[in-house]
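Listing of query13.txt, compact mmCIF, C-alpha atoms
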# COMPACT_ATOMS: atom_id res chain seq x y z
CA MET A 26 99.65 175.43 22.38
CA ASN A 27 101.32 172.56 24.17
CA PRO A 28 99.89 171.74 27.50
CA THR A 29 102.16 171.96 30.44
CA PRO A 30 103.18 168.47 31.52
CA ASN A 31 101.86 167.31 34.91
CA ARG A 32 105.08 167.08 36.79
CA THR A 33 103.44 165.74 39.85
CA HIS A 34 102.01 162.80 37.90
CA ALA A 35 105.26 162.23 36.10
CA ALA A 36 107.18 162.31 39.28
CA GLY A 37 104.73 159.83 40.77
CA ARG A 38 105.40 157.38 37.98
CA LEU A 39 109.11 157.59 38.52
CA LYS A 40 108.89 157.01 42.28
CA PRO A 41 109.80 153.36 43.09
CA THR A 42 107.16 151.28 44.99
CA ARG A 43 108.14 149.66 48.33
CA GLN A 44 106.59 146.20 49.31
CA LYS A 45 105.79 145.57 52.96
CA ALA A 46 107.69 142.51 54.32
CA THR A 47 105.45 139.60 55.62
CA GLY A 48 106.18 136.37 57.74
CA LEU A 49 105.48 134.46 61.00
CA SER A 50 105.57 136.38 64.14
CA LEU A 51 107.30 134.91 67.19
CA ILE A 52 103.95 134.00 68.73
CA GLU A 53 102.80 132.25 65.56
CA LEU A 54 106.10 130.34 65.37
CA MET A 55 105.76 129.15 68.96
CA ILE A 56 102.18 128.04 68.39
CA SER A 57 103.27 126.09 65.30
CA LEU A 58 106.05 124.39 67.25
CA VAL A 59 103.65 123.43 70.05
CA ILE A 60 101.18 121.95 67.56
CA GLY A 61 103.98 120.04 65.87
CA VAL A 62 105.22 118.61 69.16
CA ILE A 63 101.67 117.57 70.10
CA LEU A 64 101.22 115.83 66.75
CA LEU A 65 104.61 114.12 67.08
CA LEU A 66 103.85 112.93 70.60
CA GLY A 67 100.44 111.73 69.50
CA GLY A 68 101.90 109.82 66.58
CA THR A 69 104.59 108.30 68.80
CA SER A 70 101.97 107.27 71.36
CA VAL A 71 99.83 105.64 68.67
CA PHE A 72 102.89 103.83 67.30
CA LEU A 73 103.90 102.57 70.73
CA SER A 74 100.33 101.47 71.47
CA LEU A 75 100.14 99.58 68.18
CA LYS A 76 103.51 97.98 68.86
CA LYS A 77 102.43 96.94 72.35
CA ALA A 78 99.16 95.53 71.00
CA ALA A 79 101.10 93.58 68.35
CA GLU A 80 103.42 92.13 71.01
CA VAL A 81 100.47 91.11 73.19
CA GLU A 82 98.74 89.54 70.17
CA LYS A 83 101.91 87.63 69.28
CA SER A 84 102.29 86.31 72.85
CA LEU A 85 98.63 85.35 72.98
CA ALA A 86 98.88 83.53 69.63
CA SER A 87 101.92 81.63 70.91
CA LEU A 88 100.00 80.62 74.05
CA GLN A 89 96.99 79.49 72.02
CA THR A 90 99.16 77.41 69.69
CA GLY A 91 101.02 75.72 72.54
CA GLY A 92 97.86 75.06 74.52
CA ARG A 93 95.96 73.53 71.62
CA LEU A 94 98.93 71.36 70.66
CA ALA A 95 99.36 70.10 74.24
CA ILE A 96 95.68 69.15 74.47
CA ASP A 97 95.77 67.42 71.06
CA LEU A 98 98.89 65.37 71.90
CA ILE A 99 97.64 64.20 75.30
CA SER A 100 94.17 63.46 73.89
CA GLU A 101 95.67 61.36 71.09
CA ASP A 102 97.33 59.06 73.63
CA LEU A 103 94.20 58.88 75.78
CA LEU A 104 92.12 57.76 72.81
CA LYS A 105 94.44 54.73 72.43
CA VAL A 106 93.84 53.50 75.96
CA HIS A 107 92.44 49.94 76.18
CA PHE A 108 93.04 49.39 72.47
CA PHE A 109 93.59 45.66 71.93
CA GLY A 110 93.05 45.34 68.21
CA CYS A 111 90.21 43.03 67.28
CA ASN A 112 89.58 42.32 70.99
CA THR A 113 89.03 45.95 71.93
CA GLY A 114 86.22 46.33 74.46
CA SER A 115 85.99 42.70 75.53
CA VAL A 116 89.27 41.01 76.37
CA PHE A 117 90.63 38.77 79.11
CA LEU A 118 94.29 39.76 79.19
CA THR A 119 96.81 37.41 80.76
CA ASN A 120 99.94 39.20 81.89
CA MET A 121 103.14 37.13 81.53
CA THR A 122 105.66 39.89 82.30
CA ASN A 123 107.82 40.00 85.39
CA THR A 124 108.02 43.76 86.08
CA ALA A 125 106.01 45.27 88.92
CA GLY A 126 103.88 48.25 88.03
CA VAL A 127 103.09 47.37 84.42
CA ALA A 128 99.72 46.39 83.00
CA GLY A 129 98.45 43.21 84.54
CA ILE A 130 100.46 43.04 87.76
CA GLN A 131 97.72 44.87 89.65
CA ASN A 132 94.98 44.73 87.07
CA ALA A 133 94.99 43.10 83.66
CA LEU A 134 93.25 46.02 81.97
CA TRP A 135 95.57 48.76 83.26
CA GLY A 136 94.88 51.70 81.01
CA VAL A 137 95.00 55.03 82.86
CA ARG A 138 96.73 56.06 86.07
CA ALA A 139 97.53 59.49 87.47
CA TYR A 140 99.89 60.48 90.26
CA GLU A 141 99.82 63.55 92.51
CA ARG A 142 102.93 65.32 93.75
CA THR A 143 102.57 67.88 96.51
CA SER A 144 105.24 70.37 97.58
CA SER A 145 107.10 67.65 99.49
CA ALA A 146 106.03 64.13 98.50
CA TRP A 147 104.00 61.89 96.22
CA ALA A 148 100.54 60.83 97.28
CA ASP A 149 100.37 57.30 98.72
CA LEU A 150 97.82 56.19 96.12
CA PRO A 151 98.27 54.89 93.55
CA PRO A 152 101.79 53.53 94.22
CA LEU A 153 104.41 54.75 91.75
CA PRO A 154 105.19 52.19 89.01
CA THR A 155 108.73 51.08 88.23
CA PRO A 156 109.03 53.12 84.99
CA MET A 157 108.48 56.31 87.03
CA THR A 158 111.18 55.54 89.58
CA ALA A 159 113.81 54.03 87.27
CA GLY A 160 116.68 56.23 86.12
CA GLY A 161 118.03 57.72 89.34
CA SER A 162 118.26 61.51 89.11
CA ASN A 163 116.59 61.39 85.69
CA ALA A 164 113.57 59.44 86.93
CA ILE A 165 110.14 61.00 86.54
CA SER A 166 109.64 60.69 90.30
CA THR A 167 112.60 63.08 90.68
CA GLN A 168 112.17 65.33 87.66
CA ALA A 169 108.39 65.95 87.74
CA ARG A 170 107.59 69.40 89.08
CA GLN A 171 106.26 69.71 92.60
CA GLY A 172 102.58 70.55 92.73
CA SER A 173 101.82 69.03 89.30
CA ASP A 174 100.28 65.67 88.41
CA VAL A 175 101.63 62.91 86.19
CA LEU A 176 99.45 61.06 83.68
CA SER A 177 100.21 57.45 82.78
CA VAL A 178 98.59 55.57 79.90
CA ARG A 179 99.31 52.32 78.12
CA THR A 180 98.86 52.56 74.38
CA GLY A 181 98.75 49.76 71.84
CA GLN A 182 100.07 50.01 68.27
CA LEU A 183 98.83 47.35 65.84
CA LEU A 184 101.88 45.91 64.04
CA PRO A 185 101.67 45.04 60.31
CA THR A 186 102.99 41.52 60.80
CA THR A 187 101.43 38.06 61.05
CA LEU A 188 102.23 34.67 62.57
CA SER A 189 104.21 32.40 60.28
CA SER A 190 103.01 29.37 62.24
CA PRO A 191 100.23 28.82 64.81
CA VAL A 192 100.94 29.14 68.54
CA PHE A 193 99.91 26.12 70.61
CA ALA A 194 99.27 25.86 74.34
CA GLY A 195 102.62 25.12 75.98
CA ASP A 196 104.71 27.05 73.40
CA ASN A 197 107.26 29.57 74.66
CA SER A 198 107.85 31.46 71.41
CA ILE A 199 106.09 33.21 68.52
CA ASN A 200 107.18 32.87 64.90
CA LEU A 201 106.55 36.07 62.90
CA THR A 202 106.76 36.86 59.20
CA SER A 203 108.47 40.23 59.71
CA ASN A 204 109.71 42.86 62.14
CA PRO A 205 108.28 46.04 60.53
CA GLU A 206 110.70 48.97 60.85
CA CYS A 207 112.51 46.99 63.58
CA ALA A 208 109.76 47.96 66.00
CA ILE A 209 110.17 44.77 68.03
CA GLN A 210 113.26 44.93 70.22
CA GLN A 211 114.51 43.05 73.24
CA ASN A 212 112.33 43.97 76.26
CA SER A 213 109.51 45.23 74.03
CA ASP A 214 106.04 44.63 75.46
CA LEU A 215 103.73 42.82 73.03
CA VAL A 216 100.10 41.78 73.17
CA LEU A 217 99.08 38.71 71.17
CA THR A 218 95.34 38.59 70.63
CA GLY A 219 93.31 35.95 68.86
CA CYS A 220 90.15 37.99 68.34
CA ALA A 221 88.29 35.58 70.64
CA ILE A 222 88.24 37.17 74.09
CA THR A 223 91.74 36.04 75.16
CA ALA A 224 95.00 37.95 74.81
CA HIS A 225 98.47 37.70 76.34
CA LEU A 226 100.82 40.48 77.41
CA LEU A 227 104.46 39.37 77.12
CA ARG A 228 107.95 40.84 77.11
CA VAL A 229 110.47 39.92 74.41
CA SER A 230 113.46 38.18 76.00
CA ASN A 231 115.65 37.59 72.93
CA THR A 232 117.05 40.04 70.38
CA PRO A 233 114.79 39.72 67.31
CA ALA A 234 116.24 39.85 63.82
CA CYS A 235 116.13 43.38 62.45
CA GLN A 236 116.65 44.15 58.77
CA PRO A 237 114.68 47.34 58.06
CA ASP A 238 115.38 47.23 54.32
CA THR A 239 114.06 43.68 53.96
CA ALA A 240 110.31 43.36 53.46
CA GLU A 241 110.08 39.76 54.71
CA ASN A 242 112.16 39.57 57.86
CA ALA A 243 111.10 36.31 59.48
CA HIS A 244 112.17 35.88 63.07
CA THR A 245 111.18 34.34 66.39
CA VAL A 246 110.18 36.07 69.62
CA THR A 247 110.96 34.06 72.76
CA LEU A 248 109.43 34.28 76.25
CA ASP A 249 112.13 33.54 78.82
CA THR A 250 113.03 34.74 82.30
CA PRO A 251 113.76 37.17 83.83
CA GLN A 252 111.59 39.28 81.49
CA ASN A 253 108.58 37.01 82.01
CA SER A 254 107.27 35.26 85.10
CA VAL A 255 105.15 32.95 82.91
CA THR A 256 107.03 31.55 79.92
CA THR A 257 104.46 29.34 78.17
CA PHE A 258 101.06 30.09 76.66
CA ASN A 259 98.02 28.46 78.22
CA VAL A 260 95.93 28.80 75.03
CA GLY A 261 96.66 28.62 71.31
CA TYR A 262 96.56 31.33 68.61
CA ALA A 263 95.76 30.89 64.92
CA LEU A 264 97.56 32.46 61.95
CA ASN A 265 95.08 35.33 61.76
CA SER A 266 95.91 36.53 65.28
CA GLN A 267 97.03 40.12 65.77
CA LEU A 268 100.16 41.49 67.43
CA LEU A 269 100.34 44.87 69.16
CA LEU A 270 103.33 46.81 70.46
CA PHE A 271 102.52 48.27 73.88
CA ASN A 272 104.18 51.26 75.52
CA ASP A 273 103.96 52.88 78.92
CA VAL A 274 103.51 56.60 78.18
CA PHE A 275 103.90 59.29 80.83
CA TRP A 276 103.02 62.99 80.59
CA TYR A 277 104.53 65.37 83.15
CA VAL A 278 105.90 68.89 83.72
CA ALA A 279 109.57 69.43 84.55
CA ASP A 280 112.19 72.18 84.67
CA THR A 281 114.23 72.39 81.46
CA GLY A 282 117.12 74.09 83.24
CA ARG A 283 116.89 77.03 80.83
CA GLN A 284 115.91 80.65 81.38
CA ARG A 285 114.33 83.23 79.07
CA ASN A 286 113.97 86.89 80.06
CA GLN A 287 114.87 85.89 83.62
CA GLN A 288 112.00 83.37 83.65
CA ALA A 289 112.63 79.70 84.49
CA VAL A 290 111.51 77.58 81.54
CA TYR A 291 109.24 74.66 82.41
CA ALA A 292 107.94 72.29 79.75
CA LEU A 293 105.56 69.41 79.14
CA TYR A 294 107.40 66.11 78.67
CA ARG A 295 106.35 62.77 77.22
CA GLN A 296 108.16 59.57 78.17
CA SER A 297 107.77 56.43 76.08
CA GLY A 298 109.94 53.35 76.13
CA GLY A 299 111.96 54.84 78.99
CA ARG A 300 112.99 57.91 76.95
CA SER A 301 111.67 61.39 77.70
CA ALA A 302 111.20 64.13 75.11
CA GLU A 303 110.34 67.79 75.63
CA MET A 304 107.07 68.48 73.84
CA ILE A 305 105.70 71.95 74.71
CA GLU A 306 107.75 74.80 76.17
CA GLY A 307 106.22 77.13 78.75
CA VAL A 308 103.93 74.65 80.57
CA GLU A 309 104.12 75.49 84.27
CA ALA A 310 101.46 73.23 85.82
CA PHE A 311 99.43 70.10 85.01
CA GLN A 312 96.39 68.90 86.96
CA ILE A 313 94.22 65.81 86.46
CA LYS A 314 90.83 64.57 87.63
CA LEU A 315 89.35 61.19 86.76
CA GLU A 316 85.71 60.34 86.26
CA HIS A 317 84.76 56.73 86.90
CA ARG A 318 81.66 54.60 87.07
CA VAL A 319 80.73 52.93 90.31
CA GLU A 320 80.25 49.32 89.31
CA GLY A 321 76.80 47.97 90.01
CA THR A 322 75.26 51.46 90.05
CA ASN A 323 74.51 54.27 87.62
CA ASN A 324 76.72 56.71 89.52
CA GLN A 325 79.67 58.64 88.13
CA ARG A 326 82.36 60.13 90.39
CA GLN A 327 84.87 62.82 89.42
CA VAL A 328 87.77 62.62 91.85
CA ASN A 329 91.48 63.25 92.36
CA PRO A 330 93.91 60.49 91.29
CA SER A 331 94.65 59.59 94.93
CA ASP A 332 90.99 59.14 95.91
CA PRO A 333 90.78 55.98 98.10
CA GLU A 334 87.57 54.73 96.47
CA LEU A 335 89.05 55.17 92.98
CA ASN A 336 92.09 53.13 94.07
CA ARG A 337 89.97 50.32 95.51
CA ALA A 338 89.35 47.05 93.65
CA GLY A 339 88.97 47.63 89.91
CA ASN A 340 87.59 51.16 90.00
CA TYR A 341 90.58 52.62 88.15
CA GLU A 342 89.63 50.42 85.22
CA ALA A 343 86.15 51.96 85.38
CA VAL A 344 87.54 55.39 84.46
CA THR A 345 85.53 56.70 81.53
CA VAL A 346 86.61 60.35 81.30
CA VAL A 347 89.95 62.05 81.97
CA HIS A 348 89.78 65.74 82.83
CA PHE A 349 93.04 67.68 82.66
CA ALA A 350 94.19 71.29 82.71
CA LEU A 351 97.49 73.00 81.94
CA LEU A 352 98.86 76.45 82.77
CA LEU A 353 100.96 77.93 79.96
CA GLN A 354 103.07 81.08 79.99
CA SER A 355 104.63 83.27 77.32
CA PHE A 356 108.13 84.71 77.74
CA GLU A 357 107.74 88.19 76.21
CA ARG A 358 107.35 91.01 78.74
CA VAL A 359 104.11 92.52 77.55
CA LEU A 360 102.37 93.40 80.83
CA ASP A 361 102.85 96.72 82.60
CA THR A 362 102.89 95.07 86.04
CA GLN A 363 103.91 91.75 87.59
CA ASP A 364 101.48 88.84 87.20
CA THR A 365 100.21 88.26 90.74
CA ARG A 366 97.05 86.36 89.81
CA THR A 367 96.13 82.94 91.20
CA TYR A 368 95.01 80.55 88.46
CA SER A 369 92.54 77.70 88.94
CA LEU A 370 93.33 74.37 87.25
CA LEU A 371 90.24 72.24 87.77
CA ASP A 372 89.92 72.89 91.52
CA THR A 373 93.63 73.40 92.25
CA ALA A 374 94.91 76.93 92.91
CA VAL A 375 98.23 77.91 91.29
CA PRO A 376 99.45 81.13 92.93
CA PRO A 377 102.59 83.14 92.17
CA SER A 378 105.61 81.62 93.88
CA SER A 379 108.96 83.29 94.50
CA GLY A 380 110.57 79.92 95.09
CA GLY A 381 109.30 78.44 91.83
CA SER A 382 108.64 74.98 93.30
CA VAL A 383 104.83 75.21 93.55
CA GLY A 384 102.98 77.89 91.63
CA HIS A 385 103.87 80.09 88.69
CA GLY A 386 106.85 82.38 88.20
CA GLY A 387 105.10 85.76 88.04
CA GLY A 388 106.83 88.29 85.80
CA GLN A 389 105.35 90.61 83.19
CA VAL A 390 104.24 87.77 80.93
CA LEU A 391 100.92 86.39 79.75
CA ARG A 392 99.45 83.18 81.13
CA GLU A 393 96.41 81.14 80.19
CA VAL A 394 94.70 77.96 81.43
CA PHE A 395 93.79 75.26 78.89
CA SER A 396 91.56 72.34 79.83
CA ALA A 397 89.91 69.35 78.19
CA ALA A 398 87.82 66.29 79.02
CA VAL A 399 88.57 63.15 77.00
CA THR A 400 86.17 60.21 76.97
CA LEU A 401 87.96 56.85 76.80
CA ARG A 402 86.25 55.30 73.80
CA ASN A 403 87.80 51.84 74.27
CA ALA A 404 86.87 51.35 77.92
CA ALA A 405 85.42 47.87 78.49
CA PRO A 406 81.90 47.59 79.89
CA LEU A 407 81.71 46.62 83.55
CA THR A 408 79.81 43.71 85.03
CA SER A 409 77.42 44.50 87.85
CA GLY A 410 77.77 43.37 91.39
CA ALA A 411 81.34 44.34 92.35
CA SER A 412 82.57 47.77 93.36

Could you rewrite the structure in this file as structure tokens?
Amino acid sequence: MNPTPNRTHAAGRLKPTRQKATGLSLIELMISLVIGVILLLGGTSVFLSLKKAAEVEKSLASLQTGGRLAIDLISEDLLKVHFFGCNTGSVFLTNMTNTAGVAGIQNALWGVRAYERTSSAWADLPPLPTPMTAGGSNAISTQARQGSDVLSVRTGQLLPTTLSSPVFAGDNSINLTSNPECAIQQNSDLVLTGCAITAHLLRVSNTPACQPDTAENAHTVTLDTPQNSVTTFNVGYALNSQLLLFNDVFWYVADTGRQRNQQAVYALYRQSGGRSAEMIEGVEAFQIKLEHRVEGTNNQRQVNPSDPELNRAGNYEAVTVVHFALLLQSFERVLDTQDTRTYSLLDTAVPPSSGGSVGHGGGQVLREVFSAAVTLRNAAPLTSGAS
């Protein structure tokens, strides 16, 4: 007997199954969007923060590089002060030149001078030398920024040449074996030293022979007027005497006439041989203090360049240490607010200035003070008794 089929079961197998639809509800979708926006904003904020930090780091690195380079360049010139070749440290220098304000007119061992400019005028002491006032509108006395100091040094460069014949007392010329790289020109300042206490500072009056491609370029240097007030030597010099090329070097801050990101661009300049060159961009201020020994005592004084005692007698030649400070700025706008700080350079305050003549230019830029103290290693020892 065949069992009766279970129709209910069979019918159940034939009935199609229906799947329940699943997905995000409106609330879940909105929550997901909110979380996504928060993550996006957070990522954007982190990116902007990292970008800002990178810009600040870049500006700071630029400041550090410029500051270190400025200190190195100025220090290099200061370390050459009072260098007289084999007579360094003990020399009686006779000045034969006829230009006021150069080494020897006021003191034979002129090495370092500094000059202060206020908002309106130069300090009375020391008096400005001719190289600072020559050049009309391009003169340092006109171009140097108000409120910043000017550093003057005389540096000596030992020339790789020798005398081709001895110099005798009464001679008015020097015979040389060569003019290396045509370094000796008309109006060049030379120091002839015999390695025996005496030396002479002279100015070349003729136009020396100049053949840079010729190893042996024999020529004669003459001492005539108006370059020299004394035209004959009072002592002789042997063949082994040394010859140095001397330059007046000036360091000062001036306006370049350019602008970057609406900031006036000031720079540190170096003048040598009457020609100025821009050295470091972004230097806004330059201040100097001089430390000198008081002759006949064990005292040291650190004073401003215009200090009356420093400018009395030979005290400027007793300067042993030069302290200087520079204020440098970047040009990238990396600060959130204007720079309204007052910076201290040695003991001089440099505030923000809307006029730009004295002080810094504000803006949303970084600034940093760099300072150094350089000991003059070639300074001659003083004799006691005078001050």

Within 6 Å of A:Leu217, counting only C-alpha atoms, which residues qualify if same-chain residues fewer than 6 places away don't, as a list in words?
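So, after excluding close chain neighbours, the residues are Ala224, His225, Gln267 and Leu268 of chain A.
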
Looking at A:Gly298, A:Gly181, A:Gly172, A:Gly136, which one is nearest to A:Leu270, with distances taken over all atoms listed in the file?
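Among A:Gly298, A:Gly181, A:Gly172, A:Gly136, it is A:Gly181 that comes nearest to A:Leu270.
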
By how many Å are atom CA of A:Thr400 and atom CA of A:Ile99 apart?
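Spanning atom CA of A:Thr400 to atom CA of A:Ile99 is a straight-line distance of 12.3 Å.
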
Give me, as an mmCIF file with C-alpha atoms, in the coordinates of the input, all polymer residues having an atom no more than 12 Å from stretch 203-207 of chain A, counting all atoms listed in the file and skipping those fewer than 4 positions away in the same chain.
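Wrote it out as part_18.cif, contents follow:
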data_model
loop_
_atom_site.group_PDB
_atom_site.id
_atom_site.type_symbol
_atom_site.label_atom_id
_atom_site.label_comp_id
_atom_site.auth_asym_id
_atom_site.auth_seq_id
_atom_site.Cartn_x
_atom_site.Cartn_y
_atom_site.Cartn_z
ATOM 1 C CA GLN A 182 100.070 50.010 68.270
ATOM 2 C CA LEU A 183 98.830 47.350 65.840
ATOM 3 C CA LEU A 184 101.880 45.910 64.040
ATOM 4 C CA PRO A 185 101.670 45.040 60.310
ATOM 5 C CA THR A 186 102.990 41.520 60.800
ATOM 6 C CA THR A 187 101.430 38.060 61.050
ATOM 7 C CA LEU A 188 102.230 34.670 62.570
ATOM 8 C CA SER A 189 104.210 32.400 60.280
ATOM 9 C CA ILE A 199 106.090 33.210 68.520
ATOM 10 C CA GLN A 211 114.510 43.050 73.240
ATOM 11 C CA SER A 213 109.510 45.230 74.030
ATOM 12 C CA THR A 232 117.050 40.040 70.380
ATOM 13 C CA PRO A 233 114.790 39.720 67.310
ATOM 14 C CA ALA A 234 116.240 39.850 63.820
ATOM 15 C CA CYS A 235 116.130 43.380 62.450
ATOM 16 C CA GLN A 236 116.650 44.150 58.770
ATOM 17 C CA PRO A 237 114.680 47.340 58.060
ATOM 18 C CA ASP A 238 115.380 47.230 54.320
ATOM 19 C CA THR A 239 114.060 43.680 53.960
ATOM 20 C CA ALA A 240 110.310 43.360 53.460
ATOM 21 C CA GLU A 241 110.080 39.760 54.710
ATOM 22 C CA ASN A 242 112.160 39.570 57.860
ATOM 23 C CA ALA A 243 111.100 36.310 59.480
ATOM 24 C CA HIS A 244 112.170 35.880 63.070
ATOM 25 C CA THR A 245 111.180 34.340 66.390
ATOM 26 C CA VAL A 246 110.180 36.070 69.620
ATOM 27 C CA LEU A 268 100.160 41.490 67.430
ATOM 28 C CA LEU A 269 100.340 44.870 69.160
ATOM 29 C CA LEU A 270 103.330 46.810 70.460
#

In Å to one decimal, how far is atom CA of A:Val278 from atom CA of A:Ala374?
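Separating atom CA of A:Ala374 from atom CA of A:Val278 is a distance of 16.4 Å.
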
I'd like to know which of A:Ser57, A:Asn272, A:Ser230, A:Thr180 is closest to A:Ser198, using only C-alpha atoms.
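Looking only at the distances to A:Ser198, the closest residue turns out to be A:Ser230.
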
Nearest candidate to A:Ala397 (options A:Ala279, A:Ala350, A:Val359, A:Leu150; using all atoms listed in the file):
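Of the candidates, the smallest distance to A:Ala397 is held by A:Ala350.
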
Do you have the atom CA of A:Val394-atom CA of A:Thr158 distance handy?
29.0 Å

Surrounding residues of A:Gln287 excluding itself and chain neighbours under 3 positions, 10 Å, all atoms listed in the file, as an mmCIF file with C-alpha atoms, keeping the file's coordinate frame:
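Listing of out-v6.cif after writing:
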data_model
loop_
_atom_site.group_PDB
_atom_site.id
_atom_site.type_symbol
_atom_site.label_atom_id
_atom_site.label_comp_id
_atom_site.auth_asym_id
_atom_site.auth_seq_id
_atom_site.Cartn_x
_atom_site.Cartn_y
_atom_site.Cartn_z
ATOM 1 C CA ARG A 283 116.890 77.030 80.830
ATOM 2 C CA GLN A 284 115.910 80.650 81.380
ATOM 3 C CA VAL A 290 111.510 77.580 81.540
ATOM 4 C CA PHE A 356 108.130 84.710 77.740
ATOM 5 C CA GLY A 386 106.850 82.380 88.200
ATOM 6 C CA GLY A 388 106.830 88.290 85.800
#

Would you compute an axis-aligned box for stretch 259-274 of chain A, covering every atom listed for it in the file with 4 Å of margin on each side, and report centre and edge lengths in Å to one decimal as lines of an AutoDock Vina configuration file?
center_x = 99.6
center_y = 42.5
center_z = 70.3
size_x = 17.1
size_y = 36.1
size_z = 25.2

Compare A:Ala338, A:Ile313, A:Ala343, A:Leu391 by their minimum atom-to-atom distance to A:Gln363, counting only C-alpha atoms, and give me the closest one.
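For A:Gln363, the nearest of the given residues is A:Leu391.
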
I need the residue nearest A:Phe193 from this list: A:Thr218, A:Asn163, A:Asn259, A:Ser144. Use all atoms listed in the file for the distance.
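So, comparing all the options, the nearest one is A:Asn259.
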
I'd like the neighbourhood of A:His317 as a CSV table (one decimal) with C-alpha atoms, in the frame of the given file, where a residue qualifies if any of its atoms comes within 6 Å (using all atoms listed in the file), though same-chain residues fewer than 3 positions away should be ignored.
chain,number,residue,atom,x,y,z
A,325,GLN,CA,79.7,58.6,88.1
A,326,ARG,CA,82.4,60.1,90.4
A,343,ALA,CA,86.2,52.0,85.4
A,344,VAL,CA,87.5,55.4,84.5
A,345,THR,CA,85.5,56.7,81.5

Taking all atoms listed in the file into account, name the residue in A:Leu66, A:Cys220, A:Glu357, A:Leu58 that is nearest to A:Ala79.
A:Glu357

Hey, what's within 8 Å of A:Val328 if we count all atoms listed in the file and toss same-chain stuff fewer than 6 positions away? As JSON, numbers by chain, please?
{"A": [314, 315, 316, 335]}
